[in-house]
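> Input structure: model.txt, which contains compact mmCIF, C-alpha atoms.
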```txt
# COMPACT_ATOMS: atom_id res chain seq x y z
CA MET G 332 -3.17 -73.16 7.45
CA LYS G 333 -6.60 -74.14 8.79
CA LYS G 334 -6.97 -77.67 10.18
CA GLU G 335 -10.09 -78.46 8.15
CA ILE G 336 -8.19 -78.22 4.85
CA ASN G 337 -7.89 -81.61 3.15
CA LYS G 338 -7.03 -80.86 -0.47
CA ILE G 339 -4.82 -78.24 -2.15
CA VAL G 340 -4.48 -77.26 -5.81
CA MET G 341 -0.89 -76.22 -6.46
CA ALA G 342 0.65 -74.42 -9.43
CA TYR G 343 3.24 -76.90 -10.66
CA SER G 344 6.18 -76.38 -13.01
CA GLY G 345 7.94 -79.71 -12.53
CA GLY G 346 11.03 -78.03 -11.12
CA LEU G 347 12.75 -78.75 -7.82
CA ASP G 348 10.81 -76.21 -5.73
CA THR G 349 7.31 -77.32 -6.68
CA SER G 350 8.23 -81.03 -6.71
CA VAL G 351 9.54 -80.77 -3.16
CA ALA G 352 6.46 -78.74 -2.26
CA ILE G 353 4.13 -81.65 -3.09
CA LYS G 354 5.74 -83.91 -0.49
CA TRP G 355 6.30 -81.08 1.96
CA LEU G 356 2.60 -80.19 1.96
CA GLN G 357 1.65 -83.82 2.41
CA ASP G 358 4.11 -84.29 5.27
CA LYS G 359 3.43 -80.98 6.98
CA TYR G 360 -0.34 -80.85 6.74
CA GLY G 361 -1.49 -84.33 5.77
CA VAL G 362 -3.40 -83.08 2.72
CA GLU G 363 -4.04 -84.34 -0.79
CA VAL G 364 -2.30 -82.31 -3.48
CA VAL G 365 -3.68 -81.67 -6.97
CA THR G 366 -1.27 -80.03 -9.40
CA TYR G 367 -2.04 -77.53 -12.14
CA SER G 368 0.32 -76.82 -15.05
CA ALA G 369 -0.31 -74.32 -17.83
CA ASP G 370 1.09 -74.27 -21.35
CA VAL G 371 1.67 -70.59 -22.09
CA GLY G 372 4.23 -71.30 -24.77
CA GLN G 373 7.25 -71.91 -22.54
CA ASN G 374 8.63 -74.29 -25.18
CA GLU G 375 8.68 -77.45 -23.08
CA PRO G 376 6.47 -80.55 -23.24
CA LEU G 377 4.06 -80.78 -20.33
CA ALA G 378 3.16 -84.48 -20.57
CA PRO G 379 6.34 -85.41 -18.63
CA VAL G 380 5.48 -82.70 -16.09
CA LYS G 381 2.10 -84.35 -15.48
CA GLU G 382 3.73 -87.76 -15.12
CA LYS G 383 6.27 -86.37 -12.68
CA ALA G 384 3.57 -84.76 -10.56
CA LEU G 385 1.71 -88.04 -10.24
CA GLU G 386 4.94 -89.94 -9.57
CA THR G 387 5.83 -87.45 -6.85
CA GLY G 388 2.54 -88.00 -5.06
CA ALA G 389 -0.13 -85.75 -6.54
CA VAL G 390 -3.60 -87.34 -6.47
CA ALA G 391 -4.45 -85.64 -9.77
CA ALA G 392 -2.58 -83.51 -12.28
CA TYR G 393 -4.16 -81.02 -14.67
CA VAL G 394 -2.44 -79.63 -17.76
CA ASP G 395 -4.09 -76.97 -19.97
CA ASP G 396 -3.06 -75.35 -23.25
CA LEU G 397 -3.67 -71.66 -22.53
CA LYS G 398 -1.62 -70.09 -25.31
CA GLU G 399 -4.47 -68.51 -27.27
CA GLU G 400 -6.37 -67.35 -24.18
CA PHE G 401 -3.12 -65.94 -22.79
CA LEU G 402 -2.75 -63.76 -25.88
CA THR G 403 -6.31 -62.72 -26.69
CA ASP G 404 -7.70 -62.19 -23.18
CA TYR G 405 -4.61 -60.90 -21.42
CA ALA G 406 -1.50 -59.87 -23.38
CA PHE G 407 -3.36 -58.30 -26.31
CA LYS G 408 -5.48 -56.27 -23.90
CA GLY G 409 -2.25 -54.86 -22.52
CA LEU G 410 -0.95 -54.32 -26.06
CA LYS G 411 -4.03 -52.26 -26.93
CA ALA G 412 -3.72 -50.32 -23.69
CA GLY G 413 -0.05 -49.55 -24.40
CA ALA G 414 0.94 -50.87 -20.97
CA ILE G 415 4.68 -50.74 -20.27
CA TYR G 416 5.72 -50.68 -16.62
CA GLU G 417 8.10 -47.82 -15.84
CA ASP G 418 8.43 -47.22 -19.61
CA LYS G 419 10.56 -50.36 -20.01
CA TYR G 420 8.98 -53.63 -18.90
CA PRO G 421 6.29 -54.98 -21.27
CA LEU G 422 4.74 -57.18 -18.53
CA THR G 423 5.00 -60.41 -20.52
CA THR G 424 5.36 -62.59 -17.42
CA ALA G 425 2.77 -60.70 -15.40
CA TYR G 426 -0.05 -61.40 -17.88
CA SER G 427 0.14 -65.17 -17.33
CA ARG G 428 -0.35 -65.08 -13.56
CA PRO G 429 -4.02 -64.02 -13.33
CA LEU G 430 -4.90 -66.49 -16.08
CA ILE G 431 -3.23 -69.37 -14.25
CA ALA G 432 -4.86 -68.27 -11.00
CA LYS G 433 -8.29 -68.27 -12.64
CA LYS G 434 -7.82 -71.79 -13.99
CA MET G 435 -6.57 -73.01 -10.60
CA ILE G 436 -9.70 -71.71 -8.90
CA GLU G 437 -11.81 -73.53 -11.49
CA VAL G 438 -9.93 -76.76 -10.71
CA ALA G 439 -10.25 -76.15 -6.97
CA LYS G 440 -14.03 -75.90 -7.30
CA LYS G 441 -14.16 -79.01 -9.47
CA GLU G 442 -11.99 -81.00 -7.07
CA GLY G 443 -13.61 -79.67 -3.91
CA ALA G 444 -10.25 -78.33 -2.76
CA ASP G 445 -10.02 -76.11 0.30
CA ALA G 446 -6.87 -74.24 -0.66
CA VAL G 447 -4.54 -73.22 -3.46
CA ALA G 448 -0.75 -73.03 -3.44
CA HIS G 449 2.15 -71.69 -5.52
CA GLY G 450 5.92 -71.85 -5.53
CA CYS G 451 6.66 -68.12 -5.21
CA THR G 452 9.05 -66.66 -2.67
CA GLY G 453 8.24 -63.87 -0.24
CA LYS G 454 10.39 -61.37 -2.12
CA GLY G 455 8.94 -61.29 -5.63
CA ASN G 456 5.95 -59.85 -7.44
CA ASP G 457 4.40 -63.14 -8.56
CA GLN G 458 3.30 -64.05 -5.05
CA VAL G 459 1.17 -60.90 -5.02
CA ARG G 460 -0.25 -61.56 -8.48
CA PHE G 461 -1.30 -65.07 -7.50
CA ASP G 462 -2.58 -64.25 -4.02
CA VAL G 463 -4.58 -61.19 -5.02
CA SER G 464 -6.10 -63.00 -8.00
CA PHE G 465 -7.08 -65.94 -5.79
CA GLN G 466 -8.70 -63.56 -3.31
CA ALA G 467 -10.62 -61.75 -6.02
CA LEU G 468 -11.93 -64.94 -7.64
CA ALA G 469 -12.58 -67.00 -4.51
CA PRO G 470 -12.80 -64.75 -1.45
CA GLY G 471 -11.92 -66.67 1.68
CA ILE G 472 -10.02 -69.52 0.03
CA GLU G 473 -6.90 -70.53 1.92
CA ILE G 474 -3.59 -69.71 0.19
CA VAL G 475 -0.40 -71.64 0.93
CA ALA G 476 3.08 -70.67 -0.24
CA PRO G 477 5.57 -73.32 0.91
CA LEU G 478 8.62 -71.24 0.00
CA ARG G 479 7.45 -68.55 2.42
CA LYS G 480 7.13 -71.09 5.22
CA TRP G 481 9.44 -74.06 4.89
CA GLU G 482 12.70 -74.78 6.67
CA PHE G 483 14.94 -75.17 3.60
CA ASN G 484 17.54 -72.43 3.20
CA SER G 485 19.36 -73.72 0.12
CA ARG G 486 18.98 -75.83 -2.99
CA PRO G 487 21.21 -78.61 -1.58
CA GLU G 488 18.86 -78.93 1.39
CA GLN G 489 15.91 -79.31 -0.99
CA ILE G 490 17.79 -81.94 -3.03
CA GLU G 491 18.61 -83.86 0.13
CA TYR G 492 14.93 -83.81 1.13
CA ALA G 493 13.91 -84.90 -2.38
CA GLU G 494 16.32 -87.84 -2.32
CA LYS G 495 15.10 -88.86 1.11
CA LYS G 496 11.48 -88.78 -0.05
CA GLY G 497 12.14 -90.46 -3.39
CA ILE G 498 11.26 -87.39 -5.43
CA PRO G 499 12.66 -87.51 -8.99
CA VAL G 500 14.68 -84.32 -9.30
CA GLY G 501 16.63 -85.03 -12.49
CA ALA G 502 19.75 -82.96 -13.05
CA THR G 503 20.86 -81.17 -9.92
CA LYS G 504 23.31 -78.70 -11.45
CA GLU G 505 22.14 -75.29 -10.38
CA SER G 506 21.85 -72.52 -12.94
CA PRO G 507 23.16 -69.18 -11.68
CA TYR G 508 19.99 -67.56 -13.01
CA SER G 509 16.31 -67.68 -12.22
CA ILE G 510 14.45 -68.01 -15.52
CA ASP G 511 10.76 -67.78 -16.36
CA ARG G 512 9.56 -68.22 -19.93
CA ASN G 513 6.39 -68.05 -21.99
CA MET G 514 5.60 -67.48 -25.66
CA LEU G 515 6.10 -63.72 -25.36
CA GLY G 516 9.55 -63.84 -23.85
CA VAL G 517 11.91 -64.69 -21.01
CA SER G 518 12.50 -63.11 -17.59
CA ILE G 519 15.96 -63.59 -16.07
CA GLU G 520 17.38 -62.63 -12.69
CA CYS G 521 19.91 -63.67 -9.99
CA GLY G 522 23.58 -64.55 -10.34
CA ILE G 523 25.87 -61.82 -11.62
CA LEU G 524 22.80 -59.77 -12.53
CA GLU G 525 22.39 -58.90 -8.86
CA ASP G 526 25.30 -56.47 -9.34
CA PRO G 527 23.80 -53.65 -11.43
CA ALA G 528 27.30 -52.41 -12.31
CA GLN G 529 28.09 -55.60 -14.23
CA GLU G 530 27.33 -56.03 -17.92
CA PRO G 531 25.17 -59.14 -18.48
CA PRO G 532 27.31 -61.99 -19.86
CA GLU G 533 26.05 -63.46 -23.11
CA ASP G 534 25.00 -66.70 -21.43
CA VAL G 535 22.24 -64.76 -19.65
CA TYR G 536 20.26 -64.49 -22.87
CA GLN G 537 18.17 -67.53 -23.66
CA ILE G 538 16.56 -66.91 -27.05
CA THR G 539 17.81 -63.78 -28.83
CA THR G 540 20.87 -63.51 -31.04
CA ALA G 541 23.47 -61.02 -29.86
CA PRO G 542 22.91 -57.85 -31.96
CA GLU G 543 26.53 -57.85 -33.12
CA ASP G 544 26.08 -61.40 -34.40
CA ALA G 545 22.74 -60.70 -36.10
CA PRO G 546 22.47 -60.60 -39.91
CA ASP G 547 24.30 -57.74 -41.64
CA LYS G 548 21.25 -56.98 -43.76
CA PRO G 549 18.02 -55.60 -42.28
CA GLU G 550 14.76 -57.49 -42.59
CA TYR G 551 11.39 -55.83 -43.14
CA VAL G 552 8.10 -57.15 -41.77
CA GLU G 553 4.57 -55.88 -42.28
CA LEU G 554 1.97 -56.18 -39.55
CA GLU G 555 -1.74 -55.65 -40.10
CA PHE G 556 -3.99 -54.66 -37.21
CA LYS G 557 -7.76 -54.75 -36.83
CA ASN G 558 -9.33 -53.04 -33.83
CA GLY G 559 -5.87 -52.81 -32.30
CA GLU G 560 -5.01 -56.50 -32.54
CA PRO G 561 -2.48 -58.06 -34.95
CA VAL G 562 -4.18 -60.24 -37.56
CA ALA G 563 -1.63 -60.68 -40.36
CA LEU G 564 2.13 -60.92 -40.81
CA ASN G 565 3.69 -60.06 -44.19
CA GLY G 566 0.28 -60.19 -45.86
CA GLU G 567 -0.68 -63.60 -44.47
CA GLU G 568 -3.60 -63.77 -42.08
CA MET G 569 -2.76 -65.81 -38.99
CA ASP G 570 -4.31 -66.84 -35.71
CA PRO G 571 -2.73 -65.05 -32.70
CA VAL G 572 -0.54 -67.95 -31.58
CA SER G 573 0.87 -68.65 -35.04
CA LEU G 574 1.54 -64.96 -35.63
CA VAL G 575 3.44 -64.50 -32.37
CA PHE G 576 5.55 -67.63 -32.89
CA ALA G 577 6.37 -66.61 -36.48
CA LEU G 578 7.26 -63.06 -35.46
CA ASN G 579 9.37 -64.38 -32.58
CA GLU G 580 11.41 -66.45 -35.00
CA ILE G 581 12.16 -63.39 -37.12
CA ALA G 582 12.81 -60.94 -34.29
CA THR G 583 15.07 -63.24 -32.23
CA LYS G 584 17.29 -63.71 -35.28
CA HIS G 585 17.89 -59.95 -35.36
CA GLY G 586 18.53 -59.58 -31.61
CA VAL G 587 15.39 -57.53 -31.04
CA GLY G 588 13.77 -57.18 -27.64
CA ARG G 589 16.60 -57.25 -25.09
CA ILE G 590 15.87 -55.20 -21.96
CA ASP G 591 18.23 -54.59 -19.03
CA MET G 592 16.60 -52.58 -16.26
CA VAL G 593 16.40 -51.83 -12.56
CA GLU G 594 12.74 -51.86 -11.61
CA ASN G 595 10.73 -51.04 -8.52
CA ARG G 596 9.08 -54.18 -7.20
CA LEU G 597 5.76 -53.94 -5.44
CA VAL G 598 7.26 -55.31 -2.20
CA GLY G 599 9.44 -52.21 -1.94
CA ILE G 600 12.85 -53.28 -3.24
CA LYS G 601 14.69 -52.47 -6.42
CA SER G 602 15.57 -55.41 -8.63
CA ARG G 603 17.82 -55.75 -11.65
CA GLU G 604 16.02 -57.75 -14.34
CA ILE G 605 16.82 -58.94 -17.84
CA TYR G 606 13.99 -59.50 -20.30
CA GLU G 607 13.95 -60.91 -23.81
CA VAL G 608 10.77 -59.87 -25.58
CA PRO G 609 11.27 -60.20 -29.35
CA ALA G 610 7.81 -60.44 -30.96
CA TYR G 611 6.01 -58.36 -28.36
CA THR G 612 8.55 -55.55 -28.72
CA VAL G 613 7.81 -55.37 -32.45
CA LEU G 614 4.05 -55.53 -31.83
CA GLN G 615 4.18 -52.75 -29.25
CA GLU G 616 6.20 -50.44 -31.49
CA ALA G 617 3.99 -51.11 -34.49
CA HIS G 618 0.77 -50.68 -32.52
CA SER G 619 1.97 -47.46 -30.90
CA GLN G 620 2.88 -45.87 -34.23
CA LEU G 621 -0.39 -46.95 -35.82
CA GLU G 622 -2.17 -45.15 -32.97
CA ASP G 623 -0.07 -42.06 -33.72
CA LEU G 624 -1.59 -42.11 -37.19
CA VAL G 625 -5.25 -42.64 -36.30
CA LEU G 626 -5.97 -41.19 -32.84
CA ASP G 627 -6.73 -37.52 -32.32
CA ARG G 628 -4.35 -35.55 -30.13
CA GLU G 629 -6.47 -35.31 -26.97
CA THR G 630 -7.40 -39.00 -27.01
CA ALA G 631 -3.79 -40.01 -27.64
CA HIS G 632 -2.50 -37.85 -24.78
CA TYR G 633 -5.14 -39.06 -22.34
CA LYS G 634 -4.56 -42.67 -23.38
CA GLN G 635 -0.93 -42.37 -22.29
CA ALA G 636 -2.10 -41.68 -18.75
CA VAL G 637 -4.40 -44.70 -19.01
CA ALA G 638 -1.47 -46.81 -20.21
CA ASP G 639 0.61 -45.84 -17.18
CA LYS G 640 -2.17 -46.79 -14.77
CA TYR G 641 -2.96 -49.98 -16.68
CA SER G 642 0.66 -51.10 -16.46
CA GLU G 643 0.67 -50.53 -12.70
CA LEU G 644 -2.51 -52.58 -12.26
CA VAL G 645 -1.01 -55.49 -14.20
CA TYR G 646 2.36 -55.29 -12.44
CA TYR G 647 0.72 -55.04 -9.01
CA GLY G 648 -1.51 -58.07 -9.59
CA GLN G 649 -4.74 -56.09 -9.84
CA TRP G 650 -5.94 -57.73 -13.06
CA PHE G 651 -9.36 -58.63 -11.68
CA SER G 652 -10.02 -55.13 -10.35
CA PRO G 653 -13.05 -53.06 -11.43
CA LEU G 654 -10.67 -50.30 -12.53
CA ARG G 655 -8.87 -52.55 -15.02
CA GLU G 656 -12.20 -53.59 -16.52
CA ALA G 657 -13.31 -49.96 -16.73
CA LEU G 658 -10.05 -48.95 -18.43
CA ASP G 659 -10.56 -51.77 -20.94
CA ALA G 660 -13.87 -50.18 -21.93
CA PHE G 661 -12.09 -46.90 -22.69
CA VAL G 662 -9.26 -48.66 -24.53
CA ASP G 663 -11.62 -50.79 -26.63
CA TYR G 664 -13.49 -47.66 -27.77
CA THR G 665 -10.24 -46.11 -29.00
CA GLN G 666 -9.22 -49.30 -30.80
CA GLN G 667 -12.09 -49.18 -33.30
CA TYR G 668 -9.90 -46.81 -35.31
CA VAL G 669 -6.64 -48.75 -34.93
CA ASN G 670 -6.79 -50.53 -38.27
CA GLY G 671 -4.03 -50.59 -40.83
CA THR G 672 -0.60 -51.87 -41.81
CA ILE G 673 2.75 -51.00 -40.29
CA LYS G 674 6.10 -51.74 -41.92
CA VAL G 675 8.96 -52.42 -39.50
CA LYS G 676 12.71 -52.63 -40.12
CA LEU G 677 14.64 -55.08 -37.92
CA TYR G 678 18.40 -54.67 -37.79
CA LYS G 679 20.99 -55.68 -35.19
CA GLY G 680 18.80 -55.23 -32.14
CA SER G 681 16.79 -52.28 -33.42
CA CYS G 682 13.13 -52.18 -34.32
CA THR G 683 12.18 -49.17 -36.44
CA VAL G 684 8.82 -48.34 -37.98
CA VAL G 685 9.40 -47.14 -41.54
CA GLY G 686 5.90 -47.19 -43.07
CA ARG G 687 2.30 -46.60 -41.97
CA GLU G 688 -1.02 -47.04 -43.79
CA SER G 689 -4.60 -46.84 -42.54
CA ASN G 690 -8.03 -46.02 -43.90
CA ASN G 691 -8.60 -44.28 -40.56
CA SER G 692 -5.53 -42.09 -40.86
CA LEU G 693 -5.92 -38.52 -39.59
CA TYR G 694 -2.80 -37.47 -41.45
CA GLN G 695 -3.79 -35.13 -44.30
CA GLU G 696 -0.98 -34.45 -46.74
CA ASN G 697 -2.60 -31.26 -48.04
CA LEU G 698 -2.48 -29.83 -44.50
CA ALA G 699 1.00 -31.13 -43.61
CA THR G 700 2.83 -30.36 -46.85
CA TYR G 701 4.93 -27.28 -47.58
CA ASP G 702 4.67 -27.52 -51.35
CA LYS G 703 2.14 -25.84 -53.68
CA SER G 704 -0.63 -28.30 -52.78
CA ASP G 705 -0.74 -26.80 -49.27
CA THR G 706 -4.32 -25.87 -48.27
CA PHE G 707 -3.59 -24.75 -44.70
CA ASN G 708 -4.72 -21.17 -43.97
CA HIS G 709 -1.51 -19.58 -42.70
CA GLU G 710 -3.17 -16.25 -41.88
CA SER G 711 -5.45 -17.97 -39.35
CA ALA G 712 -2.37 -18.76 -37.28
CA ILE G 713 -2.05 -15.08 -36.28
CA GLY G 714 -5.37 -14.98 -34.41
CA PHE G 715 -4.85 -18.46 -33.00
CA ILE G 716 -1.48 -17.56 -31.49
CA GLU G 717 -2.86 -14.24 -30.16
CA LEU G 718 -5.61 -16.02 -28.22
CA PHE G 719 -3.44 -18.98 -27.22
CA GLY G 720 -0.79 -16.70 -25.74
CA LEU G 721 -3.20 -14.16 -24.23
CA PRO G 722 -2.99 -15.44 -20.61
CA LEU G 723 0.81 -15.26 -20.70
CA LYS G 724 0.69 -11.82 -22.31
CA VAL G 725 -1.55 -10.50 -19.53
CA HIS G 726 0.58 -12.18 -16.85
CA GLY G 727 3.71 -10.62 -18.31
CA LYS G 728 2.13 -7.18 -18.46
CA ILE G 729 1.10 -7.29 -14.80
CA HIS G 730 4.08 -9.04 -13.19
CA ASN G 731 7.13 -8.40 -15.39
CA GLU G 732 9.18 -5.28 -14.87
```
How does this structure look as structure tokens?

Amino acid sequence: MKKEINKIVMAYSGGLDTSVAIKWLQDKYGVEVVTYSADVGQNEPLAPVKEKALETGAVAAYVDDLKEEFLTDYAFKGLKAGAIYEDKYPLTTAYSRPLIAKKMIEVAKKEGADAVAHGCTGKGNDQVRFDVSFQALAPGIEIVAPLRKWEFNSRPEQIEYAEKKGIPVGATKESPYSIDRNMLGVSIECGILEDPAQEPPEDVYQITTAPEDAPDKPEYVELEFKNGEPVALNGEEMDPVSLVFALNEIATKHGVGRIDMVENRLVGIKSREIYEVPAYTVLQEAHSQLEDLVLDRETAHYKQAVADKYSELVYYGQWFSPLREALDAFVDYTQQYVNGTIKVKLYKGSCTVVGRESNNSLYQENLATYDKSDTFNHESAIGFIELFGLPLKVHGKIHNE
């Protein structure tokens, strides 16, 4: 860290790592520390977090409610893009990182801070998402990650340091899991999960009902979309935050949204992760099937390639890249047709679309049907197939014995 640095804005959760980091930065570098905490729907009050930051030694503590911005400017953009990393991970944690980074840079400018800091380790993806976002938004700003530098090798060592420095650490019982939560879901790792051969014990799951314990009767929900974004649940128009919370309550009850996967981290290692993504799983399935109804074949097929690239950009921390903004322009054009209502059946962990309606539907019953109302010209298929297969016919004539 450069000697001229005098003030750091640090992402602060109120946990042991970031609480110790406040004192550690002050002791190690003699700097003032400003904390930043974001409410992205992690279901915990942040007023005590602010008080704890100040009690621990922060010169100022900022707390922002970012729930609506998190959805509309980040997660819903990914929803419209169809972004799912490696066809499994819906990126619910990854969307919050660039938003928090942006707000931290705003605070750094306001406070005249020389650097920003976070509590990420050197092994995970979040360090990249924070660092790259910081660099994009404030080129040249100093970035400090205490967990990549400090001398502590265990939680007991951190607790000992905290007690010595008078840091309020609260309960010291260590959970076997590392858990990160926001309004879209929960990310869980460590403990027994580090053995990919082991089935996750039920205590891993934080919010969803076990599918076998879910209600014995299915529940149906209807979601209305406008320009690719959800606007109503079961016929009731809702703001984004209310809709997601309401849908979460329904989907968790039915055990929907559990994901157990081995993923390829950006730093080059494979990691076994557990995700609980109830509402967002339903939204993704509903949105995808509405697109099946309203997008033409070539656009739909090309958009899948866009979705794959979009998911990589989000996972790799490239949110503020020109490419992501350019892909958004393509996605937004396609979403003008993604209007309609999708009916979804939730039952013991499953999420199944059972009904689709849209004024922009490209499905024409008179062309698809096999009854007497069929208007498709069957004879035209002969010439179509002849021309479609002509290259293979010529190839076969020349090269086949």
> Can you tell me how far CA of Val684 (chain G) sits from CA of Pro531 (chain G), in Å to one decimal?
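Rounded to one decimal, the two atoms are 27.6 Å apart.
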> Which residue gives the smallest distance to Tyr633 (chain G) among G:Pro722, G:Ala412, G:Phe651, G:Cys682, with all atoms listed in the file counted?
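Among G:Pro722, G:Ala412, G:Phe651, G:Cys682, it is G:Ala412 that comes nearest to Tyr633 (chain G).
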> Which one of G:Arg603, G:Arg486, G:Lys434, G:Lys480 sits closest to Glu530 (chain G) if you count all atoms listed in the file?
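Residue with the minimum atom-to-atom distance to Glu530 (chain G): G:Arg603.
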> Between G:Arg460, G:Asn731, G:Ser619, G:Val371, which has the minimum distance to Ala638 (chain G) (counting all atoms listed in the file)?
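Looking at the shortest contact to Ala638 (chain G), the residue is G:Ser619.
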> Using only C-alpha atoms, which residue out of G:Gln620, G:Gln615, G:Thr583, G:Ser711 lies closest to Tyr678 (chain G)?
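Selected residue with least distance to Tyr678 (chain G): G:Thr583.
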> Using all atoms listed in the file, can you tell me which of G:Glu710, G:Glu553, G:Glu688, G:Asp591 comes closest to Leu574 (chain G)?
G:Glu553
> Set out as JSON lines a contact list for region 339-373 of chain G and region 487-497 of chain G with a cut-off of 8 Å, giving each residue of region 339-373 of chain G that qualifies its closest atom pair and distance in Å to one decimal, counting all atoms listed in the file, ordered by chain and rising residue number.

```
{"residue": "G:Leu347", "atom": "CA", "partner": "G:Gln489", "partner_atom": "CA", "distance": 7.5}
{"residue": "G:Asp348", "atom": "CA", "partner": "G:Gln489", "partner_atom": "CA", "distance": 7.6}
{"residue": "G:Val351", "atom": "CA", "partner": "G:Ala493", "partner_atom": "CA", "distance": 6.1}
{"residue": "G:Lys354", "atom": "CA", "partner": "G:Lys496", "partner_atom": "CA", "distance": 7.5}
```
> So, with only C-alpha atoms as the atoms that count, which of G:Thr665, G:Leu677, G:Leu718, G:Leu626 lies closest to Ser689 (chain G)?
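Using only C-alpha atoms, the shortest distance to Ser689 (chain G) belongs to G:Leu626.
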